[in-house]
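Asks: The structure follows.
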Amino acid sequence: MSPGSPPLSAPIPWLRPYWFLAGLGLGLIALGWAGRVVSRTDYHPDFVRFHPMISPEDAYYPTLDEMCAIARSRCRPDQVLVIVGGNSILLGIWQPEAEVWTKRLQQLLGDHYCVLNFAFRGASPTDGGAVVAEALRREFPRQILIVNEAAITAVDSFGREPYRYVFWQGYFGGRLLDSVARTTDIDLTVADQAPLRRHLEEVRPSIWFDRVLHYQDLWNWVTFEWFGTLPSPREPAFPGYLRPRRLYPDPEVDGTSPVYAKDTYRPEAFPVEMQILRGPGPYYKQGPGGTWELAEVTRRDLSSHLASAFPDPLKPRTLVLLSQSSPFYRRHLTPLEGELLQRSFDDSVQIWRDAGYPCFAYGSNFVDADYGDRIHLTKLGGWKLAAQVAPEVEELTRNLGYLK
Amino acid sequence: MIFTTYWFLAFALVAAAGFRLIPSAWYRQWWLVLCCALFHWHYAGPAGVAPIIVLMAVTYGAGLSRQAWAQVAAIVACVAALCFYKYLAFLIGSLVAPLDPTLAVRLAGTGTRLLPSLPPLGISFFVFEFVHYLIEVRRGHEPIRNPLRFVAFAIFFPSLVAGPIKRYAQFLPSLERAEERAAPASDVANGLAQVALGFAKKLLVADPLTTYIDHYQPLYDSQTLTGKWVIFAAIALRILTDFSGYSDIAIGCALVLGIRLPANFNWPYAACSVRDFWTRWHISLSLWIRDYVYIPLGGGRRGWPRRILNGAAAFALCGLWHGPALHFVDWGLYHGVGLGICTAYPHLPAIGKPLAAVVRRDALAGWVLTQLFVWVGWLLFFYPAGVAVHMARQLFGL
Amino acid sequence: MSLAHRLVRRLPARVRPFLAAALSLLAGLLVALIFDYVLFRIGLPSKPFIYVSF
């Protein structure tokens, strides 16, 4: 052999193997047990909503068990569980924590209901709160899910990144309803997208490991309660990221305050926002009478997506809100464009209802001060929204036979 | 990063459990080979598996043939495959483009059509191992006759992705022992401890440092002097913990199976000379370069000017091995020249001997100079030469 | 001889096996903690999610 082969790695001289392996085994059992206990514990005593420092935006990924534990600790068996899912609009950007619209909704609905805000920024209707509601359907059969979406927008039945992990926790954990339509939707998408296929090759073993060791819940609890372990966009440096997440307050500001006037309705965002308002344009053509007609292929595509977005038994209890844009932008549309926009909302409401979901659009009669930007509501708008949603929830409750 | 995936952890658990529980040596041999093949297939895909199958067959056959021409041809084939898959674009860009840009564009287009999107998994490692194997067999050592053992040597999953670069004469006896009987508890315990250490280095140190560097390095110019030195130290610490962590995971996994791999790192930032550094950093690679490039070039046997030249050439190749980019070559040359100076400076007239005496007397001086040299070298490793020089100058207020 | 070696040699010979066993047990517990954390950490996306309101 050539001069001097590389030296082999040396064993640890003091290591007693059987004691080590015993420690390893005991350690894993103890950690698994601790994780199991934590997964059933609500350690968010002041929970109002998932603000950035306790959300995937800052590398904190609330688990399905974590959210279920929050629901269990707050909702009594005699209450109707009202879970608010959806995106940043229902999360309440521009609404300070103490005045978020879901608190107002709780006030209006009263003690027969328990309202929980499980919305996430950038989430879809089938993310976050939707998965929690479905996973808790047996424990809380009297439940209403409130979600939101834009007009003429399809919905995937298995959420959207970066929140899809919650869906997979429910799906591969056997906690969701069997739905042929949804399973078919997932299988077709996976067959079509190699990156998703590769991703699921990771997701499945991770859920097996987690079912035994409950490590996600355990380390979330450590990160929230004791110390962080990894950098995040808002805390990229050591030792800043060691701070436990419970010490970070909800950063949402009051969009009605003059202090933030320069941040709301930013002029540089105007062109982009107007482009979004004109978004439904390509899906419409003008009919013989001058009315706007939605393209049949779009209608069919939307209907088929919505049909499989939620399992059939859950559709009647899923209240869909379609979020209208601020009048600050709408009044810059031409009359034709305004008509088109309104038509897109009317069509969308009808398509959702035809698919079996209670649905309404809000915001047409809101004013500038109700919004902090094109789409997010200030506390004024939030309270108006709560005032519109509360009677819808009560009517749904009656129709579903939840309260006699 | 392959080791930090759930699929790998689940796979490693099943592979190790099977290897341990299977009672027969023959079946255990098959189990290991099948696991290695499955690992390779899963991570490399069909396009990545084909080259290694071909090169394995060529190398195995050439080794058994005992024909010098066959072994040389196999070495050429392996090196050509490495150049094709990993360095084609770089060679076209640096050798052809300056002479004939039009031809370079045509060749690059052809290359893009022929090449897979990524080089075959572990090609840098298995080509070096095949070349080592063929050279040793050519020198008269016994080839590997058992095809299963050869396959295990070629695609041994713990070391395939990021080393260490194995020597077959060390690997085979260890493999045979592991096949004959289950790994003793001490190997399993030490292996698991080393795997844990590797993960701790990677996830608790290297990854946060990477986030820190990615965030602050673009803002380097606006940092205070202390901030610049912190970024500088973070770059040095990151590469050590990342790379040595990966090696620890590989060595630990192998040890759980009862197979010993060579050590790859030995406290490199404790080195007091550049020469010492290269006996502690990526040991398996530096010894390979020494044995199969530096010594065949003549090593240090023809006077110190030739020694410096051979060292520079060997290290330029070492740098290029890390990646198809000029700054890797710059880094390699930097170390080659540094190593040459480290070896040659005591021979300088008048000042050589006194200087060497000072460094010998004051180990701290040697350590500081060495680490400064090595850490500045990392700037060349990660950034283009212009950026690296700019960052280095700012550290010293120049 | 390292400092650790010197300290260990000062201990009575009877104590050393217990110390080795205790250290080994602790090492095992620590490794369990590391593996548990590794399982948590590798499941986290490597790129942060940057929210853009739309």
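Labels used: A, B, ... for chains in the order of the structure tokens, numbers from 1 for residues in each chain, and numbers from 1 for ligands as shown.
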Need the shell around Ala10 in chain A: protein/DNA/RNA residues with any atom at most 12 Å away, counting only C-alpha atoms. Skip same-chain ones fewer than 6 positions apart. Format as a PyMOL selection string?
Replies: chain B and resi 186-187+190-191+194+248+251-252+255+260-266
Asks: Could you save the residues just selected, with N, CA and C atoms, as a compact mmCIF listing (two decimals), in the first residue's frame?
Replies:
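And here's selection04.txt as it stands now:
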# COMPACT_ATOMS: atom_id res chain seq x y z
N SER B 186 -19.69 -1.78 21.33
CA SER B 186 -18.84 -0.59 21.42
C SER B 186 -18.83 0.16 20.09
N ASP B 187 -18.84 -0.58 18.98
CA ASP B 187 -18.89 0.09 17.67
C ASP B 187 -20.22 0.81 17.48
N ASN B 190 -20.18 3.90 19.82
CA ASN B 190 -19.28 4.94 19.30
C ASN B 190 -19.82 5.53 18.00
N GLY B 191 -20.37 4.66 17.17
CA GLY B 191 -20.93 5.13 15.90
C GLY B 191 -22.08 6.09 16.11
N GLN B 194 -20.86 9.36 17.38
CA GLN B 194 -20.22 10.18 16.35
C GLN B 194 -21.26 10.76 15.39
N ASP B 248 -18.34 13.16 10.23
CA ASP B 248 -18.68 12.43 11.46
C ASP B 248 -19.91 11.56 11.25
N ILE B 251 -18.79 8.57 9.08
CA ILE B 251 -17.94 7.62 9.82
C ILE B 251 -18.76 6.91 10.89
N GLY B 252 -19.64 7.67 11.56
CA GLY B 252 -20.48 7.07 12.60
C GLY B 252 -21.44 6.04 12.04
N LEU B 255 -19.60 2.95 11.32
CA LEU B 255 -19.21 2.26 12.55
C LEU B 255 -20.38 1.49 13.16
N ARG B 260 -15.07 0.32 9.66
CA ARG B 260 -14.28 1.50 10.04
C ARG B 260 -13.84 2.27 8.81
N LEU B 261 -14.11 3.57 8.87
CA LEU B 261 -13.65 4.48 7.83
C LEU B 261 -12.53 5.34 8.39
N PRO B 262 -11.68 5.89 7.48
CA PRO B 262 -10.60 6.72 8.00
C PRO B 262 -11.11 8.03 8.57
N ALA B 263 -10.40 8.53 9.55
CA ALA B 263 -10.72 9.85 10.10
C ALA B 263 -10.46 10.91 9.04
N ASN B 264 -11.23 11.96 9.07
CA ASN B 264 -11.09 12.99 8.04
C ASN B 264 -10.66 14.35 8.59
N PHE B 265 -10.87 14.56 9.89
CA PHE B 265 -10.51 15.83 10.51
C PHE B 265 -9.91 15.55 11.88
N ASN B 266 -8.87 16.32 12.21
CA ASN B 266 -8.22 16.13 13.50
C ASN B 266 -7.85 17.50 14.08
Asks: When you get a sec, could you note down which chain C residues fall within 6 Å of chain A, using only C-alpha atoms, as a list in words?
Replies: Ala20, Ala21, Ser24, Leu25, Gly28, Leu29, Ala32, Phe40 and Phe49 of chain C
Asks: Report as a Markdown table the residues of chain B within 8 Å of chain C, each with its shortest atom pair and distance in Å (one decimal), using only C-alpha atoms, ordered by chain and increasing residue number.
Replies:
| residue | atom | partner | partner_atom | distance |
| --- | --- | --- | --- | --- |
| B:Thr4 | CA | C:Ile42 | CA | 5.8 |
| B:Thr5 | CA | C:Ile42 | CA | 6.3 |
| B:Tyr6 | CA | C:Ile42 | CA | 7.5 |
| B:Leu192 | CA | C:Val31 | CA | 7.8 |
| B:Ala193 | CA | C:Val31 | CA | 6.5 |
| B:Ala196 | CA | C:Val31 | CA | 5.8 |
| B:Phe199 | CA | C:Val38 | CA | 6.9 |
| B:Ala200 | CA | C:Ile34 | CA | 6.7 |
| B:Leu203 | CA | C:Val38 | CA | 7.4 |
Asks: Assign secondary structure with DSSP using the backbone only, and return the residues of range 190-324 of chain A in alpha helix (DSSP H) as a ChimeraX atom specification.
Replies: /A:190-192,194-213,215-225,270-277,296-309
Asks: So which residues of range 159-398 of chain A fall under strand (DSSP E or B) by DSSP, listed as a VMD selection string?
Replies: chain A and resid 232 235 284 to 286 292 to 294 318 to 323 359 to 362 371 377
Asks: Create the file for the chosen residues now, containing C-alpha atoms and written as a PDB file, in the first residue's frame.
Replies:
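Ended up saving to out15.pdb:
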ATOM      1  CA  SER A 232     -35.291  33.459  11.648  1.00  0.00           C
ATOM      2  CA  GLU A 235     -33.886  37.277  14.539  1.00  0.00           C
ATOM      3  CA  TYR A 284     -64.755  37.435 -18.969  1.00  0.00           C
ATOM      4  CA  LYS A 285     -66.183  38.493 -22.290  1.00  0.00           C
ATOM      5  CA  GLN A 286     -69.026  40.791 -23.039  1.00  0.00           C
ATOM      6  CA  TRP A 292     -70.128  40.359 -18.680  1.00  0.00           C
ATOM      7  CA  GLU A 293     -70.109  36.573 -19.107  1.00  0.00           C
ATOM      8  CA  LEU A 294     -67.674  34.319 -17.306  1.00  0.00           C
ATOM      9  CA  THR A 318     -67.860  26.145   5.881  1.00  0.00           C
ATOM     10  CA  LEU A 319     -68.755  29.822   5.573  1.00  0.00           C
ATOM     11  CA  VAL A 320     -66.823  31.394   2.716  1.00  0.00           C
ATOM     12  CA  LEU A 321     -66.231  35.135   2.684  1.00  0.00           C
ATOM     13  CA  LEU A 322     -65.192  36.798  -0.534  1.00  0.00           C
ATOM     14  CA  SER A 323     -63.055  39.840   0.209  1.00  0.00           C
ATOM     15  CA  CYS A 359     -70.971  32.227   0.967  1.00  0.00           C
ATOM     16  CA  PHE A 360     -71.211  35.981   0.810  1.00  0.00           C
ATOM     17  CA  ALA A 361     -69.063  38.854  -0.372  1.00  0.00           C
ATOM     18  CA  TYR A 362     -68.345  41.760   1.932  1.00  0.00           C
ATOM     19  CA  TYR A 371     -59.175  49.395   4.965  1.00  0.00           C
ATOM     20  CA  LEU A 377     -59.270  45.757   7.060  1.00  0.00           C
TER      21      LEU A 377
END
Asks: Val84 in chain A: which residues within 8 Å, counting only C-alpha atoms, same-chain residues fewer than 2 positions away excluded, as a ChimeraX atom specification?
Replies: /A:82,86,90,102,115-119,129,145-147
Asks: Can you list, as a list in words, every protein, DNA or RNA residue that comes within 8 Å of range 234-236 of chain B when you count only C-alpha atoms, leaving out same-chain residues fewer than 3 positions away?
Replies: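 Once the nearby chain positions are removed, what remains is Leu209, Ile213, Val230, Ile231, Ile239, Leu240, Trp375, Trp378 and Leu379 of chain B.
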Asks: To one decimal place in Å, what is the distance between CA of Trp278 in chain B and CA of Met391 in chain B?
Replies: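 Computing it gives 24.2 Å between the two atoms.
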Asks: Using only C-alpha atoms, which of the listed residues (A:Gly170, A:Leu306, A:Gly281, A:Pro205) sits closest to chain B?
Replies: A:Pro205
Asks: For Ala271 in chain B, work out the shell of residues within 9 Å, counting only C-alpha atoms and skipping chain neighbours fewer than 3 positions away, then give it as number ranges by chain.
Replies: B: 267-268, 274-280, 366-367, 370-371
Asks: Using only C-alpha atoms, which residues sit within 8 Å of Leu225 in chain B once same-chain residues fewer than 2 positions away are excluded, as number ranges by chain?
Replies: B: 223, 227-229, 394-395
Asks: For the residues selected in the previous step, produce a file with C-alpha atoms as a tab-separated table (two decimals), in the first residue's frame.
Replies:
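Dumped everything to selection25.tsv:
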chain	number	residue	atom	x	y	z
B	223	GLN	CA	-19.89	46.52	9.31
B	227	GLY	CA	-18.28	42.93	12.77
B	228	LYS	CA	-16.00	42.11	9.83
B	229	TRP	CA	-13.82	39.88	11.99
B	394	GLN	CA	-10.71	45.47	5.06
B	395	LEU	CA	-9.89	43.15	7.95
Asks: Report, in Å to a single decimal, how far apart CA of Val253 in chain A and CA of Pro96 in chain A are.
Replies: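 Separation between CA of Pro96 in chain A and CA of Val253 in chain A: 5.1 Å.
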Asks: Name all residues at most 9 Å from Arg40 in chain A (count only C-alpha atoms; drop same-chain ones fewer than 3 positions away) and give them as an mmCIF file with N, CA and C atoms, in the first residue's frame.
Replies:
data_model
loop_
_atom_site.group_PDB
_atom_site.id
_atom_site.type_symbol
_atom_site.label_atom_id
_atom_site.label_comp_id
_atom_site.auth_asym_id
_atom_site.auth_seq_id
_atom_site.Cartn_x
_atom_site.Cartn_y
_atom_site.Cartn_z
ATOM 1 N N GLY A 35 -43.003 14.664 24.772
ATOM 2 C CA GLY A 35 -43.628 15.210 23.564
ATOM 3 C C GLY A 35 -45.113 14.906 23.517
ATOM 4 N N ARG A 36 -45.454 13.698 23.942
ATOM 5 C CA ARG A 36 -46.863 13.296 23.956
ATOM 6 C C ARG A 36 -47.664 14.163 24.930
ATOM 7 N N VAL A 37 -47.080 14.415 26.085
ATOM 8 C CA VAL A 37 -47.757 15.263 27.081
ATOM 9 C C VAL A 37 -47.939 16.674 26.527
ATOM 10 N N ASP A 65 -51.586 19.322 16.430
ATOM 11 C CA ASP A 65 -51.877 19.027 17.840
ATOM 12 C C ASP A 65 -51.869 20.300 18.689
ATOM 13 N N GLU A 66 -50.951 21.161 18.391
ATOM 14 C CA GLU A 66 -50.827 22.417 19.152
ATOM 15 C C GLU A 66 -52.109 23.226 19.009
ATOM 16 N N CYS A 68 -55.062 22.078 18.025
ATOM 17 C CA CYS A 68 -56.178 21.340 18.620
ATOM 18 C C CYS A 68 -56.199 21.533 20.139
ATOM 19 N N ALA A 69 -55.023 21.558 20.753
ATOM 20 C CA ALA A 69 -54.954 21.748 22.209
ATOM 21 C C ALA A 69 -55.474 23.131 22.594
#
Asks: Which value, in Å to one decimal, gives the distance between CA of Tyr27 in chain B and CA of Arg181 in chain B?
Replies: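 So the two atoms, CA of Tyr27 in chain B and CA of Arg181 in chain B, lie 11.9 Å apart.
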Asks: Report as CSV: every residue of range 70-99 of chain B with an atom at most 8 Å from range 44-58 of chain B, its closest pair of atoms, and their distance in Å to one decimal, counting only C-alpha atoms, with rows sorted by chain and ascending residue number.
Replies:
residue,atom,partner,partner_atom,distance
B:Ala74,CA,B:Val58,CA,6.2
B:Ala77,CA,B:Leu55,CA,7.7
B:Cys78,CA,B:Leu55,CA,6.5
B:Ala81,CA,B:Pro51,CA,8.0
Asks: Ranking A:Arg164, A:His51, A:Arg300, A:Arg198 by minimum distance to chain B and counting only C-alpha atoms, which one comes first?
Replies: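 Of all the options, A:Arg198 lies closest to chain B.
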